[in-house]
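The next block is work.txt, given as compact mmCIF, C-alpha atoms.
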# COMPACT_ATOMS: atom_id res chain seq x y z
CA MET A 1438 211.79 92.11 -38.23
CA LYS A 1439 211.18 88.39 -38.30
CA GLU A 1440 207.79 86.94 -37.61
CA LEU A 1441 207.40 86.26 -33.91
CA THR A 1442 206.12 82.76 -34.46
CA SER A 1443 209.54 81.77 -35.81
CA VAL A 1444 211.21 82.35 -32.45
CA SER A 1445 211.33 79.23 -30.29
CA VAL A 1446 210.21 79.13 -26.67
CA PRO A 1447 213.74 78.29 -25.38
CA THR A 1448 215.03 81.37 -27.22
CA VAL A 1449 212.25 83.53 -25.78
CA ARG A 1450 213.13 82.30 -22.29
CA ARG A 1451 216.70 83.54 -22.75
CA LEU A 1452 215.71 86.99 -24.03
CA PRO A 1453 215.40 88.56 -20.56
CA LEU A 1454 218.99 87.47 -19.90
CA TYR A 1455 220.21 89.17 -23.06
CA MET A 1456 218.17 92.21 -22.21
CA ALA A 1457 219.77 92.52 -18.76
CA ILE A 1458 223.28 92.49 -20.24
CA LEU A 1459 222.35 94.85 -23.07
CA LYS A 1460 220.75 97.39 -20.74
CA GLU A 1461 223.81 97.24 -18.54
CA ILE A 1462 226.31 97.95 -21.33
CA GLU A 1463 224.08 100.28 -23.39
CA PRO A 1464 225.24 103.57 -21.76
CA THR A 1465 228.85 102.98 -22.77
CA THR A 1466 228.75 100.56 -25.68
CA GLN A 1467 227.47 100.76 -29.23
CA TYR A 1468 228.42 97.31 -30.51
CA VAL A 1469 228.66 94.02 -28.69
CA SER A 1470 230.12 90.66 -29.70
CA SER A 1471 228.31 87.36 -29.23
CA THR A 1472 231.42 86.20 -27.36
CA LEU A 1473 231.00 88.85 -24.71
CA ILE A 1474 227.34 87.93 -24.25
CA SER A 1475 227.99 84.20 -24.15
CA ASP A 1476 230.87 84.61 -21.68
CA ARG A 1477 228.83 86.76 -19.35
CA LEU A 1478 225.83 84.42 -19.43
CA ASN A 1479 227.68 81.14 -19.31
CA LEU A 1480 226.07 80.05 -22.59
CA GLU A 1481 227.57 78.55 -25.73
CA GLN A 1482 228.53 81.18 -28.30
CA ILE A 1483 226.73 79.30 -31.07
CA GLN A 1484 223.58 79.40 -28.92
CA VAL A 1485 223.77 83.17 -28.55
CA ARG A 1486 224.41 83.63 -32.28
CA LYS A 1487 221.42 81.50 -33.17
CA ASP A 1488 219.16 83.29 -30.70
CA LEU A 1489 220.15 86.72 -32.00
CA ALA A 1490 219.70 85.58 -35.60
CA GLY A 1491 216.32 84.19 -34.55
CA ILE A 1492 215.11 87.57 -33.38
CA GLY A 1493 216.15 89.04 -36.71
CA VAL A 1494 219.25 91.04 -35.82
CA THR A 1495 222.37 90.46 -37.90
CA GLY A 1496 225.83 91.26 -36.62
CA GLN A 1497 228.54 92.95 -38.67
CA PRO A 1498 231.80 91.07 -39.13
CA ALA A 1499 234.55 92.39 -36.86
CA VAL A 1500 232.12 94.96 -35.40
CA GLY A 1501 229.43 92.91 -33.71
CA PHE A 1502 225.79 93.55 -32.96
CA ASN A 1503 224.30 96.99 -32.58
CA VAL A 1504 223.26 97.17 -28.91
CA ARG A 1505 220.36 99.58 -29.45
CA GLU A 1506 219.02 97.48 -32.32
CA LEU A 1507 219.10 94.34 -30.19
CA ILE A 1508 217.30 96.04 -27.31
CA GLU A 1509 214.57 97.34 -29.59
CA ALA A 1510 214.12 93.98 -31.31
CA ILE A 1511 213.73 92.17 -27.99
CA GLU A 1512 211.42 94.82 -26.54
CA GLN A 1513 209.21 94.61 -29.58
CA LEU A 1514 209.21 90.85 -29.57
CA LEU A 1515 208.16 90.63 -25.95
CA GLY A 1516 205.82 93.58 -26.08
CA TRP A 1517 207.92 95.29 -23.41
CA ASP A 1518 207.77 98.49 -25.42
CA ASN A 1519 204.20 98.83 -24.17
CA MET A 1520 203.51 98.43 -20.47
CA ARG A 1521 200.82 95.80 -20.01
CA ASP A 1522 198.21 95.99 -17.30
CA ALA A 1523 197.38 92.85 -15.42
CA ILE A 1524 195.11 91.87 -12.58
CA LEU A 1525 195.84 89.34 -9.88
CA VAL A 1526 193.31 86.98 -8.32
CA GLY A 1527 193.89 85.54 -4.87
CA THR A 1528 195.53 87.59 -2.14
CA GLY A 1529 196.80 84.79 0.07
CA ASN A 1530 200.49 84.56 0.89
CA LEU A 1531 201.69 84.04 -2.64
CA GLY A 1532 199.33 86.65 -4.11
CA GLN A 1533 200.50 89.24 -1.59
CA ALA A 1534 204.10 88.39 -2.35
CA LEU A 1535 203.49 88.91 -6.07
CA LEU A 1536 201.70 92.21 -5.44
CA GLY A 1537 204.71 93.39 -3.46
CA TYR A 1538 207.27 92.38 -6.08
CA ASP A 1539 207.98 95.45 -8.15
CA GLY A 1540 210.49 93.63 -10.33
CA PHE A 1541 207.71 92.92 -12.82
CA ALA A 1542 207.68 96.54 -13.96
CA ARG A 1543 211.10 95.94 -15.51
CA TYR A 1544 209.42 93.38 -17.75
CA GLY A 1545 206.56 95.60 -18.81
CA LEU A 1546 204.03 94.13 -16.42
CA ASN A 1547 201.91 96.41 -14.27
CA ILE A 1548 199.56 94.79 -11.77
CA ILE A 1549 196.81 97.36 -11.37
CA ALA A 1550 194.42 95.58 -9.03
CA ALA A 1551 193.75 92.40 -7.09
CA PHE A 1552 190.59 90.38 -6.57
CA ASP A 1553 189.54 88.17 -3.71
CA SER A 1554 186.40 86.63 -2.25
CA ASN A 1555 187.29 87.31 1.38
CA PRO A 1556 185.07 90.17 2.66
CA GLU A 1557 187.74 91.08 5.23
CA ILE A 1558 190.25 91.86 2.50
CA ILE A 1559 187.98 93.38 -0.15
CA GLY A 1560 188.29 97.16 -0.11
CA MET A 1561 191.76 97.10 1.37
CA LYS A 1562 194.99 97.97 -0.39
CA ILE A 1563 197.91 95.55 -0.52
CA HIS A 1564 201.25 97.11 -1.44
CA GLY A 1565 199.25 100.03 -2.79
CA LYS A 1566 197.02 97.93 -5.05
CA PRO A 1567 193.26 97.94 -4.42
CA VAL A 1568 191.55 94.62 -3.68
CA PHE A 1569 188.15 94.21 -5.32
CA ASP A 1570 185.41 91.67 -4.88
CA ILE A 1571 185.84 88.76 -7.28
CA GLU A 1572 182.18 89.31 -8.18
CA VAL A 1573 183.06 92.50 -10.08
CA LEU A 1574 185.95 90.87 -11.96
CA SER A 1575 184.11 90.79 -15.23
CA SER A 1576 182.95 94.40 -15.32
CA LEU A 1577 186.30 95.88 -14.35
CA THR A 1578 188.44 93.68 -16.57
CA GLU A 1579 186.34 94.21 -19.67
CA ARG A 1580 186.00 97.93 -19.15
CA MET A 1581 189.76 98.38 -18.80
CA HIS A 1582 190.65 95.97 -21.63
CA ILE A 1583 192.95 93.96 -19.43
CA GLN A 1584 194.42 90.91 -21.12
CA ILE A 1585 196.58 89.31 -18.44
CA GLY A 1586 195.30 87.59 -15.31
CA ILE A 1587 197.64 86.30 -12.62
CA LEU A 1588 196.20 83.29 -10.85
CA ALA A 1589 197.28 82.87 -7.23
CA VAL A 1590 194.19 81.22 -5.74
CA PRO A 1591 193.97 77.93 -3.82
CA SER A 1592 194.19 74.88 -6.11
CA LYS A 1593 190.62 73.89 -5.37
CA VAL A 1594 189.14 76.93 -7.09
CA ALA A 1595 191.83 77.45 -9.74
CA GLN A 1596 189.83 76.08 -12.69
CA GLN A 1597 186.69 77.93 -11.65
CA VAL A 1598 188.52 81.25 -11.32
CA ALA A 1599 190.35 80.64 -14.61
CA ASP A 1600 186.96 80.17 -16.28
CA ALA A 1601 185.77 83.44 -14.74
CA LEU A 1602 188.89 85.25 -15.98
CA ILE A 1603 188.34 84.00 -19.52
CA GLU A 1604 184.65 84.90 -19.31
CA ALA A 1605 185.78 88.40 -18.30
CA GLY A 1606 187.86 88.73 -21.47
CA ILE A 1607 191.31 87.73 -20.21
CA HIS A 1608 193.49 86.25 -22.98
CA ALA A 1609 196.52 85.17 -21.01
CA ILE A 1610 196.75 83.51 -17.61
CA TRP A 1611 199.97 83.48 -15.60
CA ASN A 1612 199.18 80.46 -13.48
CA PHE A 1613 200.92 80.29 -10.09
CA THR A 1614 198.77 77.37 -8.93
CA PRO A 1615 199.94 73.79 -9.45
CA VAL A 1616 196.71 73.00 -11.32
CA LYS A 1617 196.76 71.98 -14.98
CA LEU A 1618 194.10 74.33 -16.35
CA ASN A 1619 191.59 73.17 -18.92
CA VAL A 1620 191.20 76.06 -21.40
CA ASN A 1621 190.52 76.62 -25.09
CA ASN A 1622 193.41 76.77 -27.53
CA ASN A 1623 193.09 80.52 -28.00
CA ILE A 1624 193.86 81.18 -24.33
CA ILE A 1625 197.53 81.51 -23.36
CA VAL A 1626 198.56 79.82 -20.14
CA GLU A 1627 202.02 80.04 -18.67
CA GLN A 1628 202.64 78.27 -15.40
CA VAL A 1629 205.05 78.88 -12.54
CA ASP A 1630 204.72 75.83 -10.35
CA LEU A 1631 206.71 76.45 -7.17
CA ALA A 1632 205.55 73.22 -5.56
CA ALA A 1633 206.72 71.19 -8.56
CA SER A 1634 210.07 72.96 -8.61
CA LEU A 1635 210.56 72.38 -4.90
CA ALA A 1636 209.55 68.73 -5.32
CA VAL A 1637 212.29 68.24 -7.90
CA LEU A 1638 214.85 69.91 -5.63
CA SER A 1639 213.76 67.86 -2.62
CA SER A 1640 213.74 64.54 -4.43
CA LYS A 1641 217.24 65.11 -5.83
CA LEU A 1642 218.52 66.14 -2.41
CA LYS A 1643 216.88 63.07 -0.89
CA ALA A 1644 218.62 60.92 -3.48
CA VAL A 1645 222.12 62.24 -2.75
CA ASN A 1646 221.55 61.97 1.01
CA LYS A 1647 220.87 58.25 0.75
CA MET S 636 209.73 51.08 -1.90
CA LYS S 637 211.25 51.71 -5.30
CA GLU S 638 214.57 53.42 -5.70
CA LEU S 639 214.13 57.14 -6.00
CA THR S 640 216.34 57.42 -9.02
CA SER S 641 213.80 55.45 -11.04
CA VAL S 642 211.19 58.21 -10.72
CA SER S 643 211.27 60.66 -13.62
CA VAL S 644 211.35 64.43 -13.16
CA PRO S 645 207.93 64.93 -14.82
CA THR S 646 206.47 62.43 -12.34
CA VAL S 647 208.14 64.18 -9.43
CA ARG S 648 206.67 67.49 -10.61
CA ARG S 649 203.18 66.01 -10.42
CA LEU S 650 203.61 64.55 -6.93
CA PRO S 651 202.57 67.76 -5.10
CA LEU S 652 199.32 67.66 -7.08
CA TYR S 653 198.62 64.11 -5.99
CA MET S 654 199.55 65.01 -2.46
CA ALA S 655 197.06 67.89 -2.36
CA ILE S 656 194.18 65.62 -3.43
CA LEU S 657 195.24 62.82 -1.10
CA LYS S 658 195.49 65.11 1.91
CA GLU S 659 192.08 66.49 1.09
CA ILE S 660 190.34 63.12 0.93
CA GLU S 661 192.40 61.37 3.62
CA PRO S 662 190.10 62.22 6.57
CA THR S 663 187.13 60.46 4.98
CA THR S 664 188.58 58.00 2.48
CA GLN S 665 190.68 54.88 2.80
CA TYR S 666 190.99 53.89 -0.86
CA VAL S 667 191.07 56.02 -3.98
CA SER S 668 190.80 55.15 -7.66
CA SER S 669 193.17 56.47 -10.31
CA THR S 670 190.05 57.67 -12.15
CA LEU S 671 189.07 59.97 -9.31
CA ILE S 672 192.58 61.42 -9.16
CA SER S 673 192.87 61.85 -12.93
CA ASP S 674 189.43 63.48 -13.16
CA ARG S 675 190.18 65.92 -10.38
CA LEU S 676 193.56 66.87 -11.81
CA ASN S 677 192.60 66.98 -15.46
CA LEU S 678 195.25 64.38 -16.29
CA GLU S 679 195.06 61.20 -18.35
CA GLN S 680 194.22 58.15 -16.25
CA ILE S 681 197.10 56.19 -17.77
CA GLN S 682 199.43 58.99 -16.66
CA VAL S 683 198.24 58.79 -13.07
CA ARG S 684 198.52 54.98 -13.05
CA LYS S 685 202.07 55.15 -14.36
CA ASP S 686 203.08 57.82 -11.85
CA LEU S 687 201.68 55.87 -8.91
CA ALA S 688 203.32 52.68 -10.12
CA GLY S 689 206.53 54.69 -10.48
CA ILE S 690 206.54 55.65 -6.81
CA GLY S 691 206.09 52.00 -5.92
CA VAL S 692 202.48 51.84 -4.77
CA THR S 693 200.26 49.16 -6.32
CA GLY S 694 196.48 49.46 -6.40
CA GLN S 695 194.13 46.60 -5.62
CA PRO S 696 191.66 45.62 -8.36
CA ALA S 697 188.14 46.95 -7.65
CA VAL S 698 189.41 48.61 -4.44
CA GLY S 699 191.95 51.17 -5.57
CA PHE S 700 195.00 52.66 -3.92
CA ASN S 701 195.45 52.93 -0.18
CA VAL S 702 195.40 56.70 0.51
CA ARG S 703 197.65 56.56 3.57
CA GLU S 704 200.18 54.40 1.73
CA LEU S 705 200.30 56.85 -1.18
CA ILE S 706 200.80 59.82 1.12
CA GLU S 707 203.64 58.11 2.96
CA ALA S 708 205.33 57.02 -0.25
CA ILE S 709 205.24 60.54 -1.68
CA GLU S 710 206.36 62.14 1.58
CA GLN S 711 209.28 59.79 1.80
CA LEU S 712 210.20 60.28 -1.84
CA LEU S 713 210.26 64.05 -1.52
CA GLY S 714 211.77 64.10 1.92
CA TRP S 715 208.68 65.91 3.19
CA ASP S 716 208.56 63.58 6.16
CA ASN S 717 211.47 65.59 7.55
CA MET S 718 211.21 69.36 7.61
CA ARG S 719 214.23 70.81 5.85
CA ASP S 720 215.89 74.02 6.94
CA ALA S 721 216.93 76.46 4.26
CA ILE S 722 218.52 79.87 4.13
CA LEU S 723 217.72 82.64 1.70
CA VAL S 724 220.22 85.08 0.23
CA GLY S 725 219.09 88.45 -1.08
CA THR S 726 216.32 90.38 0.65
CA GLY S 727 215.22 92.57 -2.23
CA ASN S 728 211.63 92.50 -3.39
CA LEU S 729 211.59 88.89 -4.46
CA GLY S 730 213.54 87.69 -1.44
CA GLN S 731 211.15 89.47 0.92
CA ALA S 732 208.20 87.97 -0.92
CA LEU S 733 209.65 84.49 -0.53
CA LEU S 734 210.36 85.07 3.18
CA GLY S 735 206.73 86.07 3.62
CA TYR S 736 205.30 83.10 1.77
CA ASP S 737 204.45 80.49 4.38
CA GLY S 738 203.14 78.05 1.78
CA PHE S 739 206.58 76.43 1.68
CA ALA S 740 206.02 74.85 5.09
CA ARG S 741 203.41 72.61 3.47
CA TYR S 742 206.21 71.23 1.32
CA GLY S 743 208.59 70.60 4.17
CA LEU S 744 210.69 73.71 3.62
CA ASN S 745 211.52 75.96 6.52
CA ILE S 746 213.44 79.17 5.79
CA ILE S 747 215.25 79.86 9.03
CA ALA S 748 217.28 82.91 8.14
CA ALA S 749 218.16 85.39 5.42
CA PHE S 750 221.44 86.94 4.37
CA ASP S 751 222.19 90.24 2.72
CA SER S 752 225.10 92.62 2.20
CA ASN S 753 223.12 95.80 2.88
CA PRO S 754 224.11 97.15 6.32
CA GLU S 755 220.73 98.86 6.65
CA ILE S 756 218.94 95.50 6.53
CA ILE S 757 221.41 93.31 8.41
CA GLY S 758 220.18 92.74 11.96
CA MET S 759 216.54 93.34 11.06
CA LYS S 760 213.81 90.75 10.90
CA ILE S 761 211.73 90.24 7.76
CA HIS S 762 208.51 88.33 8.29
CA GLY S 763 209.99 87.10 11.54
CA LYS S 764 213.21 85.79 9.97
CA PRO S 765 216.53 87.30 11.04
CA VAL S 766 218.73 88.89 8.39
CA PHE S 767 222.44 88.20 8.79
CA ASP S 768 225.50 89.64 7.14
CA ILE S 769 226.45 87.63 4.05
CA GLU S 770 229.97 87.59 5.52
CA VAL S 771 228.88 85.11 8.21
CA LEU S 772 227.11 82.84 5.73
CA SER S 773 229.73 80.15 5.92
CA SER S 774 229.96 79.84 9.70
CA LEU S 775 226.20 79.75 10.26
CA THR S 776 225.36 77.41 7.41
CA GLU S 777 228.03 74.89 8.28
CA ARG S 778 227.28 74.96 11.98
CA MET S 779 223.58 74.31 11.41
CA HIS S 780 224.12 71.71 8.68
CA ILE S 781 221.86 73.53 6.26
CA GLN S 782 221.70 71.97 2.81
CA ILE S 783 219.36 74.25 0.86
CA GLY S 784 220.12 77.79 -0.22
CA ILE S 785 217.52 79.99 -1.89
CA LEU S 786 219.12 82.45 -4.27
CA ALA S 787 217.24 85.72 -4.71
CA VAL S 788 220.08 88.13 -5.36
CA PRO S 789 220.59 90.49 -8.32
CA SER S 790 221.75 88.66 -11.45
CA LYS S 791 225.12 90.39 -11.41
CA VAL S 792 226.21 88.67 -8.20
CA ALA S 793 224.29 85.40 -8.63
CA GLN S 794 227.30 83.26 -9.59
CA GLN S 795 229.50 84.75 -6.90
CA VAL S 796 226.87 84.16 -4.18
CA ALA S 797 226.21 80.64 -5.49
CA ASP S 798 229.94 79.93 -5.14
CA ALA S 799 229.85 81.25 -1.57
CA LEU S 800 226.83 79.05 -0.77
CA ILE S 801 228.61 75.95 -2.06
CA GLU S 802 231.76 76.94 -0.18
CA ALA S 803 229.58 77.13 2.94
CA GLY S 804 228.43 73.55 2.48
CA ILE S 805 225.12 74.05 0.67
CA HIS S 806 224.21 71.07 -1.54
CA ALA S 807 221.10 72.37 -3.27
CA ILE S 808 220.38 75.81 -4.69
CA TRP S 809 216.85 76.96 -5.44
CA ASN S 810 217.76 79.60 -7.98
CA PHE S 811 215.25 82.46 -8.38
CA THR S 812 217.64 84.50 -10.51
CA PRO S 813 217.56 84.21 -14.30
CA VAL S 814 221.27 83.32 -14.32
CA LYS S 815 222.47 79.94 -15.56
CA LEU S 816 224.73 78.93 -12.70
CA ASN S 817 228.05 77.26 -13.30
CA VAL S 818 228.38 74.56 -10.60
CA ASN S 819 229.89 71.11 -10.13
CA ASN S 820 227.83 68.04 -10.95
CA ASN S 821 227.35 67.14 -7.29
CA ILE S 822 225.46 70.38 -6.60
CA ILE S 823 221.71 70.38 -7.22
CA VAL S 824 220.28 73.45 -8.90
CA GLU S 825 216.59 73.97 -9.53
CA GLN S 826 215.60 77.23 -11.18
CA VAL S 827 212.41 79.28 -11.04
CA ASP S 828 212.87 81.89 -13.73
CA LEU S 829 210.00 84.38 -13.44
CA ALA S 830 211.43 86.66 -16.14
CA ALA S 831 211.65 83.77 -18.61
CA SER S 832 208.11 82.66 -17.82
CA LEU S 833 206.79 86.19 -18.26
CA ALA S 834 208.72 86.53 -21.53
CA VAL S 835 206.98 83.44 -22.91
CA LEU S 836 203.58 84.76 -21.83
CA SER S 837 204.28 88.21 -23.32
CA SER S 838 205.59 86.91 -26.62
CA LYS S 839 202.59 84.66 -27.12
CA LEU S 840 200.22 87.48 -26.24
CA LYS S 841 202.06 89.76 -28.64
CA ALA S 842 201.68 87.13 -31.37
CA VAL S 843 197.89 86.81 -30.98
CA ASN S 844 197.47 90.59 -30.82
CA LYS S 845 199.09 91.04 -34.22
Let me see the structure of the file written as structure tokens.
Amino acid sequence: MKELTSVSVPTVRRLPLYMAILKEIEPTTQYVSSTLISDRLNLEQIQVRKDLAGIGVTGQPAVGFNVRELIEAIEQLLGWDNMRDAILVGTGNLGQALLGYDGFARYGLNIIAAFDSNPEIIGMKIHGKPVFDIEVLSSLTERMHIQIGILAVPSKVAQQVADALIEAGIHAIWNFTPVKLNVNNNIIVEQVDLAASLAVLSSKLKAVNK
Amino acid sequence: MKELTSVSVPTVRRLPLYMAILKEIEPTTQYVSSTLISDRLNLEQIQVRKDLAGIGVTGQPAVGFNVRELIEAIEQLLGWDNMRDAILVGTGNLGQALLGYDGFARYGLNIIAAFDSNPEIIGMKIHGKPVFDIEVLSSLTERMHIQIGILAVPSKVAQQVADALIEAGIHAIWNFTPVKLNVNNNIIVEQVDLAASLAVLSSKLKAVNK
């Protein structure tokens, strides 16, 4: 197995795509060609070959890549072989939507609880997940050794809540706010900025409508 | 007003951030400095100055930028001055979450209806939005002159549904599937790939846990 650090971010971003195809063909197929994968995913074949080489799996000439081996390599690389617990902070519209999205389980992510500061919501369950007071964030997160925090709070308090998450022992923040968080180098931040994405879409549409 | 095409994508992605600050201070403030904006957003001041110049608004020395003027320039650039109707296809978990997220209204996006192929869901309302049969996509979309389609279908059918959207007159696809869509140059595609984002987060976390 290659060292993880040698796999580029663009390659990592494509791994879930490969995984989807591999899982689909696994029941009936032992070996797969890079051509089949590239055709199905609308990617260049050379790209697929490089990505698979990057994760440390070598194909056999005229046979292809071992499907099971590829799946295991990707799972190990992404840590999907171990389900990861996460907590979510902020149960507004977006937070509730994320709590209700059970597609994350497919990617090894298990949201076990939510936190909010609104006394009307604390103590409730949203999509089956308990909502705790943000004040107890630290004790619960540390006790349960949770490493991932999903940030879905209003922009105004995003930095402050991120600081609290880090203080509580969180190592990785999945940031659904548009805020550029100011954190130490040892903290992992990955952002999904819906507003930015929509802005790009809108501006391009505006341009063609001129 | 500058031509839209001269504004870079990274600048466009930051515009919602500027907008949030501007809307917040607008009731009490007539002029704002680039320093205040850069401090609040944790961005470099030179970055903010360049972005604001890029959208065609010039500050006055010792006075700053006119808040109202900035808001109007950004709104016009992003087309947020006119609410845009959109339709959503695919009412699985993610689709339902998106239908329930009313934060989009703030960005000028109004999801008016959803489409699905599941007869058990067709005819229902989800978060107040009617769900129609995917078979009538074309007639409804064309009749209502809808330009934006939100794609939240399973990966397997993503390309096929994208083709149907384009056939129905959609010009811009907000693609929430991980699939790389194959479309003509005149069609706008903006992707939010949650699986890819989570893969990056997971792989980095895996690396530090080694």
If the cut-off is 7 Å, can you tell me the residues of chain A near chain S, counting all atoms listed in the file? I'd like them as a PyMOL selection string.
chain A and resi 1441-1442+1446+1449-1451+1453-1454+1478-1479+1514-1516+1530-1531+1534+1537-1539+1609+1615-1617+1627+1632-1634+1636-1640+1642-1644
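Shortest atom-to-atom contact with Asp1522 (chain A) among A:Ile1607, A:Ser1554, A:Thr1472, A:Arg1505: A:Ile1607, counting all atoms listed in the file.
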CA of Val1526 (chain A) and CA of Ala1550 (chain A), how far apart in Å?
8.7 Å
How big is the axis-aligned box around all listed atoms of region 784-800 of chain S once 6 Å goes on each side, and where's its centre, in Å to one decimal, as JSON?
{"center_x": 223.6, "center_y": 84.1, "center_z": -5.8, "size_x": 24.7, "size_y": 24.7, "size_z": 23.2}
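We find CA of Ile1474 (chain A) and CA of Leu1489 (chain A) to be spaced 10.6 Å apart.
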Pick from A:Asp1488, A:Asp1476, A:Asp1553, A:Glu1506, whichever lies nearest to Pro1591 (chain A) using all atoms listed in the file
A:Asp1553
Could you jot down the CA of Ala799 (chain S) to CA of Glu755 (chain S) separation for me, Å, one decimal place?
21.5 Å
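Every protein, DNA or RNA residue with an atom at most 12 Å from Met759 (chain S), where only C-alpha atoms count and chain neighbours fewer than 4 positions away do not, is listed here: S:Thr726, S:Ala748, S:Ala749, S:Phe750, S:Asp751, S:Asn753, S:Pro754, S:Glu755, S:Gly763, S:Lys764, S:Pro765, S:Val766, S:Phe767, S:Asp768.
The nearest approach to Ile746 (chain S) among the residues S:His780, S:Ser641, S:Pro662, S:Ile722, with only C-alpha atoms taken into account, belongs to S:Ile722.
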Could you complete region 1499-1511 of chain A so that it carries N, CA, C and O atoms, and give it back as a PDB file, keeping the file's coordinate frame?
ATOM      1  N   ALA A1499     233.508  91.610 -37.530  1.00  0.00           N
ATOM      2  CA  ALA A1499     234.550  92.390 -36.860  1.00  0.00           C
ATOM      3  C   ALA A1499     234.017  93.608 -36.093  1.00  0.00           C
ATOM      4  O   ALA A1499     234.781  94.345 -35.478  1.00  0.00           O
ATOM      5  N   VAL A1500     232.713  93.830 -36.125  1.00  0.00           N
ATOM      6  CA  VAL A1500     232.120  94.960 -35.400  1.00  0.00           C
ATOM      7  C   VAL A1500     231.191  94.440 -34.305  1.00  0.00           C
ATOM      8  O   VAL A1500     231.252  94.862 -33.158  1.00  0.00           O
ATOM      9  N   GLY A1501     230.353  93.486 -34.683  1.00  0.00           N
ATOM     10  CA  GLY A1501     229.430  92.910 -33.710  1.00  0.00           C
ATOM     11  C   GLY A1501     228.002  93.341 -33.945  1.00  0.00           C
ATOM     12  O   GLY A1501     227.639  93.781 -35.046  1.00  0.00           O
ATOM     13  N   PHE A1502     227.208  93.229 -32.888  1.00  0.00           N
ATOM     14  CA  PHE A1502     225.790  93.550 -32.960  1.00  0.00           C
ATOM     15  C   PHE A1502     225.541  94.948 -32.404  1.00  0.00           C
ATOM     16  O   PHE A1502     226.102  95.315 -31.372  1.00  0.00           O
ATOM     17  N   ASN A1503     224.689  95.677 -33.071  1.00  0.00           N
ATOM     18  CA  ASN A1503     224.300  96.990 -32.580  1.00  0.00           C
ATOM     19  C   ASN A1503     223.432  96.827 -31.322  1.00  0.00           C
ATOM     20  O   ASN A1503     222.368  96.210 -31.361  1.00  0.00           O
ATOM     21  N   VAL A1504     223.914  97.375 -30.210  1.00  0.00           N
ATOM     22  CA  VAL A1504     223.260  97.170 -28.910  1.00  0.00           C
ATOM     23  C   VAL A1504     221.827  97.710 -28.913  1.00  0.00           C
ATOM     24  O   VAL A1504     220.880  97.050 -28.492  1.00  0.00           O
ATOM     25  N   ARG A1505     221.677  98.934 -29.435  1.00  0.00           N
ATOM     26  CA  ARG A1505     220.360  99.580 -29.450  1.00  0.00           C
ATOM     27  C   ARG A1505     219.364  98.770 -30.292  1.00  0.00           C
ATOM     28  O   ARG A1505     218.206  98.581 -29.916  1.00  0.00           O
ATOM     29  N   GLU A1506     219.867  98.267 -31.416  1.00  0.00           N
ATOM     30  CA  GLU A1506     219.020  97.480 -32.320  1.00  0.00           C
ATOM     31  C   GLU A1506     218.546  96.192 -31.643  1.00  0.00           C
ATOM     32  O   GLU A1506     217.381  95.806 -31.754  1.00  0.00           O
ATOM     33  N   LEU A1507     219.454  95.564 -30.915  1.00  0.00           N
ATOM     34  CA  LEU A1507     219.100  94.340 -30.190  1.00  0.00           C
ATOM     35  C   LEU A1507     218.039  94.620 -29.133  1.00  0.00           C
ATOM     36  O   LEU A1507     217.053  93.891 -29.001  1.00  0.00           O
ATOM     37  N   ILE A1508     218.243  95.696 -28.378  1.00  0.00           N
ATOM     38  CA  ILE A1508     217.300  96.040 -27.310  1.00  0.00           C
ATOM     39  C   ILE A1508     215.905  96.283 -27.902  1.00  0.00           C
ATOM     40  O   ILE A1508     214.899  95.754 -27.412  1.00  0.00           O
ATOM     41  N   GLU A1509     215.875  97.033 -28.999  1.00  0.00           N
ATOM     42  CA  GLU A1509     214.570  97.340 -29.590  1.00  0.00           C
ATOM     43  C   GLU A1509     213.889  96.095 -30.147  1.00  0.00           C
ATOM     44  O   GLU A1509     212.678  95.919 -30.018  1.00  0.00           O
ATOM     45  N   ALA A1510     214.689  95.215 -30.749  1.00  0.00           N
ATOM     46  CA  ALA A1510     214.120  93.980 -31.310  1.00  0.00           C
ATOM     47  C   ALA A1510     213.505  93.124 -30.205  1.00  0.00           C
ATOM     48  O   ALA A1510     212.399  92.592 -30.346  1.00  0.00           O
ATOM     49  N   ILE A1511     214.227  92.998 -29.097  1.00  0.00           N
ATOM     50  CA  ILE A1511     213.730  92.170 -27.990  1.00  0.00           C
ATOM     51  C   ILE A1511     212.494  92.804 -27.353  1.00  0.00           C
ATOM     52  O   ILE A1511     211.503  92.133 -27.081  1.00  0.00           O
TER      53      ILE A1511
END
